[in-house]
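Asks: Quick one: the structure is below, and I'll ask about it shortly.
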Amino acid sequence: MDDEDSIDRNFSSGKAECPVAGCHVNLWKREWRTQTFEDLKIEREVEIRKRVGKTLDRREEEFETKRDYDDYLELKEELIMNLVFNTDAQATRRKLRDYAVANGIKTDTTDSTNEPTPKPVKRKDVAADAADPSGLIKGLKNIVVPKAKAPYDPFMGMARTRDYYEVKESYVARARGKPADAMSAAGYDFHQYVDECLLRAFAGFGVFIDDEMGAKGAPVAV
């Protein structure tokens with residue numbers, strides 16, 4: 001109970017330094033957890049591996065070759081060991097942070113440095129279609145952007161223009177001058193009514209029976 005009270009007091013004002021001697025990590029109360037392993041070094045390494053694993057979670061099928069995937073695993077282990085043994089820890093955290101920002105990954109607050117979070121900027125020496133804009137991981141397959149699909153056309157490319165007539169406003173005005181019961185209904189469109197009448201009247205234009213019969217009787221090469 002005393003330990004819980006001590007933790008509550010330590011984090012009463014929000015984010016505070018870890019109460020464990022020698023830790024020097026700022027964290028929130030929700031990030032504090034009960035010790036699992038007796039050896040604090042093992043406890044710390046497990047926690048570091050968990051945090052790095054959330055950021056670097058690439059799968060083997062994302063790489064061009066098995067060798068590229070092995071190099072990625074070696075890089076991941078090297079970054080973990082840097083944090084475990086506090087070797088170039090700031091530079092390692094910065095690499096992980098830049099990778100997370102460039103790839104849109106939300107990182108743990110305990111991994112952040114005191115520097116402001118940078119904007120996701122693509123490196124100039126990285127290809128435009130690279131799977132990792134930060135350039136940290138090599139050998140990833142390039143991103144293949146699918147082609148944009150054409151908008152759905154219910155008419156399947158059929159021409160919707162009228163070649164033999166044009167609906168003029170005078171036609172619509174004349175139709176309005178002769179209202180009927182059907183025309184007085186709500187939502188009735190006089191323009192559509194006139195267009196339908198003219199379409200039926202000129203529907204046969206452009207159809208030449210002699211040409212069609214001649215094409216039908218023409219010999220077909222086998």
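Identifiers for the structure tokens are assigned positionally: chains receive A, B, ... in sequence, residues are indexed from 1 per chain, and ligands are indexed from 1 in the order shown.
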Determine, counting only C-alpha atoms, which protein, DNA and RNA residues have an atom within 10 Å of an atom of Ser13 in chain A; residues of the same chain fewer than 4 positions away are not included. Present the result as a PyMOL selection string.

Replies: chain A and resi 8-9+28-29

Asks: Let's have the selection written as a compact mmCIF listing (two decimals), in the first residue's frame, with N, CA and C atoms.

Replies:
```
# COMPACT_ATOMS: atom_id res chain seq x y z
N ASP A 8 1.51 7.23 -6.49
CA ASP A 8 0.48 8.26 -6.68
C ASP A 8 1.04 9.65 -6.42
N ARG A 9 1.85 9.77 -5.37
CA ARG A 9 2.44 11.08 -5.07
C ARG A 9 3.44 11.50 -6.14
N TRP A 28 4.42 8.78 -17.84
CA TRP A 28 3.13 9.01 -17.20
C TRP A 28 2.82 7.86 -16.25
N LYS A 29 1.84 8.09 -15.41
CA LYS A 29 1.48 7.06 -14.44
C LYS A 29 0.95 5.81 -15.15
```

Asks: Neighbouring residues of Arg59 in chain A were defined as those with any atom within 10 Å, considering only C-alpha atoms; residues of the same chain fewer than 5 positions away were excluded. Please report them as a list in words.

Replies: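 Using only C-alpha atoms, the neighbours found are Tyr69, Tyr72 and Leu140 of chain A.
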
Asks: Kindly save the residues from that selection, with C-alpha atoms included, as a CSV table (one decimal), in the first residue's frame.

Replies:
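Output below, filename part-v6.csv:
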```
chain,number,residue,atom,x,y,z
A,69,TYR,CA,15.2,-9.5,-44.2
A,72,TYR,CA,16.8,-5.9,-41.1
A,140,LEU,CA,12.1,-3.3,-48.9
```

Asks: Nearest to Phe63 in chain A among A:Lys141, A:Lys168, A:Arg162, A:Gly187, with distances taken over only C-alpha atoms: which residue is it?

Replies: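 Residue with the minimum atom-to-atom distance to Phe63 in chain A: A:Lys141.
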
Asks: CA of Val194 in chain A and CA of Tyr171 in chain A are how many Å apart?

Replies: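 Computed distance, CA of Val194 in chain A to CA of Tyr171 in chain A, equals 7.0 Å.
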
Asks: Nearest to Leu79 in chain A: which of A:Arg58, A:Lys41, A:Val145, A:Leu136 is it, counting only C-alpha atoms?

Replies: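 Under the stated criterion, the closest residue is A:Leu136.
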